[in-house]
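Enquirer: Dropping in data_18.pdb, which is PDB, C-alpha atoms:
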MODEL        1
ATOM      1  CA  MET A  14      62.555  -7.730   7.301
ATOM      2  CA  HIS A  15      60.514 -10.828   7.995
ATOM      3  CA  GLY A  16      62.649 -13.724   9.201
ATOM      4  CA  LEU A  17      65.671 -11.622  10.162
ATOM      5  CA  ASN A  18      66.825 -11.191  13.744
ATOM      6  CA  PRO A  19      67.677  -7.669  15.022
ATOM      7  CA  ALA A  20      71.360  -8.103  14.193
ATOM      8  CA  GLY A  21      70.608  -9.319  10.676
ATOM      9  CA  SER A  22      68.187  -6.468  10.056
ATOM     10  CA  GLY A  23      70.779  -4.000  11.296
ATOM     11  CA  TRP A  24      73.491  -5.301   8.996
ATOM     12  CA  LEU A  25      71.081  -5.234   6.052
ATOM     13  CA  ALA A  26      70.055  -1.644   6.851
ATOM     14  CA  ALA A  27      73.725  -0.670   7.092
ATOM     15  CA  GLY A  28      74.388  -2.315   3.730
ATOM     16  CA  PHE A  29      71.514  -0.448   2.077
ATOM     17  CA  CYS A  30      72.796   2.894   3.384
ATOM     18  CA  LEU A  31      76.396   2.203   2.436
ATOM     19  CA  ALA A  32      75.305   1.186  -1.063
ATOM     20  CA  SER A  33      73.262   4.391  -1.300
ATOM     21  CA  ALA A  34      76.323   6.466  -0.420
ATOM     22  CA  ILE A  35      78.376   4.648  -3.054
ATOM     23  CA  LEU A  36      75.715   5.318  -5.694
ATOM     24  CA  LEU A  37      75.813   9.024  -4.858
ATOM     25  CA  VAL A  38      79.605   9.385  -5.143
ATOM     26  CA  PRO A  39      79.713   9.886  -8.971
ATOM     27  CA  ALA A  40      77.392  12.893  -8.620
ATOM     28  CA  TYR A  41      80.258  14.795  -6.997
ATOM     29  CA  ARG A  42      81.917  15.441 -10.351
ATOM     30  CA  THR A  43      78.700  16.911 -11.733
ATOM     31  CA  LEU A  44      77.830  19.022  -8.693
ATOM     32  CA  ARG A  45      81.339  20.210  -7.819
ATOM     33  CA  GLY A  46      81.489  23.988  -8.129
ATOM     34  CA  THR A  47      77.724  24.420  -7.915
ATOM     35  CA  THR A  48      75.587  25.477  -4.962
ATOM     36  CA  LEU A  49      74.148  21.953  -4.767
ATOM     37  CA  ILE A  50      77.357  20.370  -3.512
ATOM     38  CA  ALA A  51      76.477  21.085   0.129
ATOM     39  CA  ALA A  52      73.149  19.250  -0.131
ATOM     40  CA  TRP A  53      75.008  16.335  -1.750
ATOM     41  CA  ALA A  54      77.479  16.300   1.151
ATOM     42  CA  TRP A  55      74.658  16.245   3.705
ATOM     43  CA  LEU A  56      73.015  13.390   1.808
ATOM     44  CA  VAL A  57      76.162  11.279   1.676
ATOM     45  CA  GLY A  58      76.882  12.124   5.309
ATOM     46  CA  ALA A  59      73.414  10.980   6.359
ATOM     47  CA  ALA A  60      73.839   7.697   4.463
ATOM     48  CA  LEU A  61      77.232   7.002   6.045
ATOM     49  CA  ALA A  62      76.067   8.009   9.533
ATOM     50  CA  THR A  63      73.051   5.706   9.323
ATOM     51  CA  ALA A  64      75.223   2.885   7.995
ATOM     52  CA  VAL A  65      77.659   3.293  10.885
ATOM     53  CA  ALA A  66      74.852   3.542  13.445
ATOM     54  CA  GLU A  67      73.062   0.422  12.213
ATOM     55  CA  ALA A  68      76.316  -1.534  11.877
ATOM     56  CA  TYR A  69      77.294  -0.606  15.434
ATOM     57  CA  LEU A  70      73.902  -1.600  16.843
ATOM     58  CA  ALA A  71      73.970  -4.845  14.854
ATOM     59  CA  ALA A  72      77.461  -5.660  16.135
ATOM     60  CA  VAL A  73      76.406  -5.014  19.732
ATOM     61  CA  SER A  74      73.314  -7.171  19.307
ATOM     62  CA  ALA A  75      75.285 -10.000  17.685
ATOM     63  CA  SER A  76      78.130  -9.985  20.207
ATOM     64  CA  HIS A  77      76.043  -9.744  23.365
ATOM     65  CA  GLY A  78      72.841 -11.486  22.358
ATOM     66  CA  THR A  79      70.443 -10.536  25.121
ATOM     67  CA  LEU A  80      72.161  -7.426  26.405
ATOM     68  CA  ALA A  81      72.943  -7.289  30.083
ATOM     69  CA  GLY A  82      71.895  -4.407  32.229
ATOM     70  CA  ASN A  83      68.731  -2.378  32.331
ATOM     71  CA  PRO A  84      66.671  -3.201  29.187
ATOM     72  CA  ALA A  85      65.056   0.232  29.261
ATOM     73  CA  THR A  86      68.473   1.888  29.189
ATOM     74  CA  VAL A  87      69.693  -0.301  26.326
ATOM     75  CA  ASP A  88      66.574   0.339  24.265
ATOM     76  CA  ASN A  89      66.830   4.050  24.998
ATOM     77  CA  GLY A  90      70.461   4.138  23.881
ATOM     78  CA  THR A  91      69.471   2.468  20.627
ATOM     79  CA  ALA A  92      66.715   5.018  20.143
ATOM     80  CA  LEU A  93      69.072   7.946  20.737
ATOM     81  CA  ILE A  94      71.594   6.672  18.192
ATOM     82  CA  ARG A  95      68.956   5.996  15.565
ATOM     83  CA  PHE A  96      67.233   9.331  16.130
ATOM     84  CA  ALA A  97      70.480  11.274  15.692
ATOM     85  CA  ALA A  98      71.201   9.452  12.420
ATOM     86  CA  ALA A  99      67.622   9.642  11.132
ATOM     87  CA  THR A 100      67.352  13.408  11.603
ATOM     88  CA  LEU A 101      70.434  13.906   9.424
ATOM     89  CA  TRP A 102      68.277  12.879   6.450
ATOM     90  CA  LEU A 103      66.251  16.073   6.908
ATOM     91  CA  CYS A 104      69.309  18.285   6.413
ATOM     92  CA  PRO A 105      69.827  17.945   2.613
ATOM     93  CA  SER A 106      66.399  19.424   1.821
ATOM     94  CA  VAL A 107      67.008  22.304   4.203
ATOM     95  CA  ALA A 108      70.429  22.854   2.634
ATOM     96  CA  LEU A 109      68.735  23.244  -0.746
ATOM     97  CA  LEU A 110      66.628  26.122   0.573
ATOM     98  CA  GLY A 111      69.796  28.221   0.837
ATOM     99  CA  ALA A 112      71.484  26.990  -2.346
ATOM    100  CA  LYS A 113      71.946  30.477  -3.786
ATOM    101  CA  ARG A 114      75.070  32.516  -4.100
ATOM    102  CA  PRO A 115      76.581  34.158  -2.137
ATOM    103  CA  GLN A 116      74.914  32.871   1.055
ATOM    104  CA  HIS A 117      75.079  29.158   0.199
ATOM    105  CA  ARG A 118      78.162  28.535   2.364
ATOM    106  CA  ALA A 119      76.984  30.465   5.428
ATOM    107  CA  TRP A 120      73.620  28.701   5.116
ATOM    108  CA  GLN A 121      75.233  25.405   6.075
ATOM    109  CA  TRP A 122      75.782  26.730   9.591
ATOM    110  CA  ILE A 123      72.030  27.233   9.787
ATOM    111  CA  VAL A 124      71.497  23.653   8.631
ATOM    112  CA  LEU A 125      73.948  22.396  11.236
ATOM    113  CA  SER A 126      72.214  24.483  13.906
ATOM    114  CA  LEU A 127      68.855  23.029  12.894
ATOM    115  CA  TRP A 128      70.193  19.500  13.258
ATOM    116  CA  ALA A 129      71.590  20.382  16.686
ATOM    117  CA  ILE A 130      68.169  21.703  17.722
ATOM    118  CA  LEU A 131      66.466  18.558  16.438
ATOM    119  CA  ILE A 132      68.694  16.202  18.402
ATOM    120  CA  TRP A 133      68.873  18.354  21.547
ATOM    121  CA  PRO A 134      65.968  16.515  23.273
ATOM    122  CA  ALA A 135      67.842  13.232  22.698
ATOM    123  CA  VAL A 136      71.076  14.745  23.986
ATOM    124  CA  GLN A 137      69.301  15.909  27.154
ATOM    125  CA  VAL A 138      67.933  12.433  27.827
ATOM    126  CA  GLY A 139      71.343  10.881  27.208
ATOM    127  CA  LEU A 140      73.126  13.318  29.530
ATOM    128  CA  ARG A 141      70.710  12.681  32.390
ATOM    129  CA  MET A 142      71.505   8.922  32.232
ATOM    130  CA  ARG A 143      68.411   7.974  34.200
ATOM    131  CA  GLY A 144      67.102   5.305  31.854
ATOM    132  CA  GLU A 145      64.050   7.426  31.040
ATOM    133  CA  ALA A 146      62.228   6.803  27.785
ATOM    134  CA  PHE A 147      63.074   9.163  24.958
ATOM    135  CA  GLU A 148      59.919  10.758  23.560
ATOM    136  CA  LEU A 149      59.316  13.898  21.534
ATOM    137  CA  HIS A 150      56.667  16.499  22.210
ATOM    138  CA  VAL A 151      53.822  16.323  19.698
ATOM    139  CA  VAL A 152      54.806  19.716  18.246
ATOM    140  CA  GLN A 153      58.334  18.472  17.620
ATOM    141  CA  SER A 154      56.945  15.325  16.003
ATOM    142  CA  TRP A 155      54.841  17.330  13.561
ATOM    143  CA  PHE A 156      57.840  19.550  12.833
ATOM    144  CA  LEU A 157      59.820  16.498  11.710
ATOM    145  CA  LEU A 158      56.988  15.539   9.381
ATOM    146  CA  ALA A 159      56.825  19.098   8.039
ATOM    147  CA  LEU A 160      60.528  18.983   7.173
ATOM    148  CA  VAL A 161      59.947  15.770   5.220
ATOM    149  CA  GLY A 162      57.096  17.503   3.385
ATOM    150  CA  ILE A 163      59.317  20.461   2.480
ATOM    151  CA  GLY A 164      61.761  18.139   0.762
ATOM    152  CA  VAL A 165      58.997  16.499  -1.268
ATOM    153  CA  GLY A 166      57.352  19.797  -2.188
ATOM    154  CA  ASN A 167      60.588  21.250  -3.539
ATOM    155  CA  HIS A 168      60.994  18.444  -6.073
ATOM    156  CA  LEU A 169      57.510  17.396  -7.179
ATOM    157  CA  ALA A 170      57.800  19.471 -10.363
ATOM    158  CA  THR A 171      61.318  18.285 -11.223
ATOM    159  CA  ARG A 172      62.718  15.235 -12.966
ATOM    160  CA  PHE A 173      63.803  13.952  -9.551
ATOM    161  CA  ALA A 174      60.243  13.775  -8.199
ATOM    162  CA  TRP A 175      60.138   9.979  -7.903
ATOM    163  CA  PRO A 176      63.550   9.655  -6.234
ATOM    164  CA  HIS A 177      62.542  12.272  -3.675
ATOM    165  CA  LEU A 178      59.222  10.577  -3.028
ATOM    166  CA  ALA A 179      61.119   7.354  -2.315
ATOM    167  CA  LEU A 180      63.537   9.308  -0.129
ATOM    168  CA  ALA A 181      60.612  10.812   1.787
ATOM    169  CA  VAL A 182      59.211   7.334   2.410
ATOM    170  CA  GLY A 183      62.608   6.269   3.730
ATOM    171  CA  GLU A 184      62.803   9.303   6.005
ATOM    172  CA  VAL A 185      59.339   8.635   7.399
ATOM    173  CA  LEU A 186      60.188   4.994   8.083
ATOM    174  CA  LEU A 187      63.471   5.873   9.806
ATOM    175  CA  LEU A 188      61.764   8.557  11.896
ATOM    176  CA  TRP A 189      58.668   6.425  12.517
ATOM    177  CA  PRO A 190      59.005   5.960  16.310
ATOM    178  CA  TRP A 191      58.988   9.754  16.796
ATOM    179  CA  LEU A 192      56.230  10.761  14.377
ATOM    180  CA  PRO A 193      52.736  11.809  15.568
ATOM    181  CA  PHE A 194      50.950   8.639  14.431
ATOM    182  CA  ALA A 195      53.575   6.136  15.628
ATOM    183  CA  ARG A 196      51.800   5.187  18.850
ATOM    184  CA  SER A 197      48.683   4.054  16.984
ATOM    185  CA  ILE A 198      50.609   1.349  15.077
ATOM    186  CA  ASN A 199      51.066  -1.929  16.916
ATOM    187  CA  SER A 200      53.809  -3.291  14.634
ATOM    188  CA  PRO A 201      56.084  -0.402  13.599
ATOM    189  CA  PRO A 202      58.372  -0.893  10.598
ATOM    190  CA  GLY A 203      62.034  -1.479  11.317
ATOM    191  CA  PRO A 204      64.884   0.749  10.115
ATOM    192  CA  VAL A 205      65.728  -1.775   7.410
ATOM    193  CA  TRP A 206      62.579  -0.741   5.508
ATOM    194  CA  GLY A 207      63.584   2.908   5.649
ATOM    195  CA  ALA A 208      67.114   2.093   4.514
ATOM    196  CA  GLY A 209      65.695   0.008   1.670
ATOM    197  CA  ALA A 210      63.496   2.891   0.506
ATOM    198  CA  ILE A 211      66.495   5.213   0.566
ATOM    199  CA  PHE A 212      68.507   2.736  -1.499
ATOM    200  CA  LEU A 213      65.641   2.687  -4.018
ATOM    201  CA  ALA A 214      65.729   6.500  -4.068
ATOM    202  CA  ALA A 215      69.462   6.432  -4.824
ATOM    203  CA  LEU A 216      68.910   3.938  -7.648
ATOM    204  CA  LEU A 217      66.148   6.074  -9.163
ATOM    205  CA  ALA A 218      68.198   9.255  -8.846
ATOM    206  CA  THR A 219      71.163   7.591 -10.548
ATOM    207  CA  ARG A 220      68.967   6.444 -13.403
ATOM    208  CA  VAL A 221      67.441   9.889 -13.882
ATOM    209  CA  ALA A 222      70.847  11.572 -13.753
ATOM    210  CA  ARG A 223      72.168   9.269 -16.481
ATOM    211  CA  ARG A 224      69.234  10.025 -18.765
ATOM    212  CA  THR A 225      69.297  13.789 -18.397
ATOM    213  CA  ALA A 226      72.181  16.223 -17.990
ATOM    214  CA  PRO A 227      71.995  18.791 -15.183
ATOM    215  CA  ALA A 228      70.993  22.272 -16.251
ATOM    216  CA  THR A 229      73.956  24.530 -15.502
ATOM    217  CA  ALA A 230      75.099  27.856 -16.792
ATOM    218  CA  PRO A 231      78.584  28.223 -18.330
ATOM    219  CA  SER A 232      79.801  29.721 -15.062
ATOM    220  CA  GLY A 233      78.856  26.538 -13.214
ATOM    221  CA  ARG A 234      75.930  28.126 -11.434
ATOM    222  CA  VAL A 235      72.883  25.882 -11.232
ATOM    223  CA  LEU A 236      69.907  27.260 -13.154
TER
ENDMDL
END
Could you express the structure from this file as structure tokens?

Expert:
Amino acid sequence: MHGLNPAGSGWLAAGFCLASAILLVPAYRTLRGTTLIAAWAWLVGAALATAVAEAYLAAVSASHGTLAGNPATVDNGTALIRFAAATLWLCPSVALLGAKRPQHRAWQWIVLSLWAILIWPAVQVGLRMRGEAFELHVVQSWFLLALVGIGVGNHLATRFAWPHLALAVGEVLLLWPWLPFARSINSPPGPVWGAGAIFLAALLATRVARRTAPATAPSGRVL
């Protein structure tokens, strides 16, 4: 945010994500035994992973100040870490696509495979260790945006429409450097804005969940 140095912004982003994970914890009791528990786990995992990533980057920035070594390599390492964490936010919506018995458990391997495919370009750049800039092909960039759209489309007609819209904004902001239109923006938003939007989504979801009870059958299967 305005007036914060990189380390301060990183700690604030980490705090937003950690707070989001904490807000989501009570939902476990409601979702336990349903096919939605996997999507909840991916969501909490994404929040914790982003919190850890931003806290680590903030700690490195605070302890070293102007980092020694090749600036391009340092910036690229930061990008790789943030990209791996940001793409995790796309997994909960994909997990929901397979939230039907009896394939809901096996579907999580597909979700994990998708995440591995998404981060593979970053892994390749990291393994080569040549200090090259990490960039996505335009087709891959549009695919990321399509995954965000899938998550929004699945919830527009539900009581969680507004929380998912806020979540989609957060996802877009976290993924901003790798989206198709990123290069046309001179001053890209920092991860702290994406983390803030996700925290807002968690607040909205908590409020909606308190007002309305989840629709479940006596067997525990989500209707």

Enquirer: I'd like to know which of A:Leu49, A:Leu188, A:Ala54, A:Ala210 is closest to Ser154 in chain A, using all atoms listed in the file.

Expert: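 When distances to Ser154 in chain A are compared using all atoms listed in the file, the smallest one comes from A:Leu188.
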
Enquirer: Have a look at A:Leu140, A:Ala60, A:Ala52, A:Leu169 and name the one nearest to Gly111 in chain A; count all atoms listed in the file.

Expert: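 Among the listed residues, the smallest separation from Gly111 in chain A belongs to A:Ala52.
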
Enquirer: Would you list the residues near (72.9, 4.2, 0.3), meaning any protein, DNA or RNA residue with an atom at most 10 Å from that point in file coordinates, counting all atoms listed in the file, as a count of residues only?

Expert: 28

Enquirer: Could you spell out the hits of the PyMOL selection byres ((chain A and resi 186) around 12) on the shown file, as a PyMOL selection string?

Expert: chain A and resi 26+95-96+99-100+102+158+161+179-185+187-192+194-195+201-211

Enquirer: Quick one, how far is CA of Thr48 in chain A from CA of Ala112 in chain A?

Expert: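 Result for CA of Thr48 in chain A versus CA of Ala112 in chain A: 5.1 Å, one decimal.
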
Enquirer: For Leu131 in chain A, list every protein, DNA or RNA residue within 9 Å, evaluated using all atoms listed in the file, and leave out those in the same chain fewer than 6 positions away; present the list as a list in words.

Expert: Ala97, Thr100, Gln153 and Leu157 of chain A

Enquirer: Counting all atoms listed in the file, I want the residues whose atoms come within 9 Å of (76.5, 14.3, -8.5) in the file frame, returned as an MDAnalysis selection string.

Expert: chainID A and resid 37:45 49:50 53 219 222

Enquirer: I'd like the residues picked by the PyMOL selection byres ((chain A and resi 133-138) around 12) written out as number ranges by chain, using the chain letters and numbers from the file.

Expert: A: 86, 89-98, 100, 126-132, 139-150, 153-154, 191

Enquirer: Which one is closest to Ile163 in chain A: A:Ala218, A:Ile123, A:Ala108, A:Trp24? Count all atoms listed in the file.

Expert: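 Going through A:Ala218, A:Ile123, A:Ala108, A:Trp24 one by one, the smallest distance to Ile163 in chain A is for A:Ala108.
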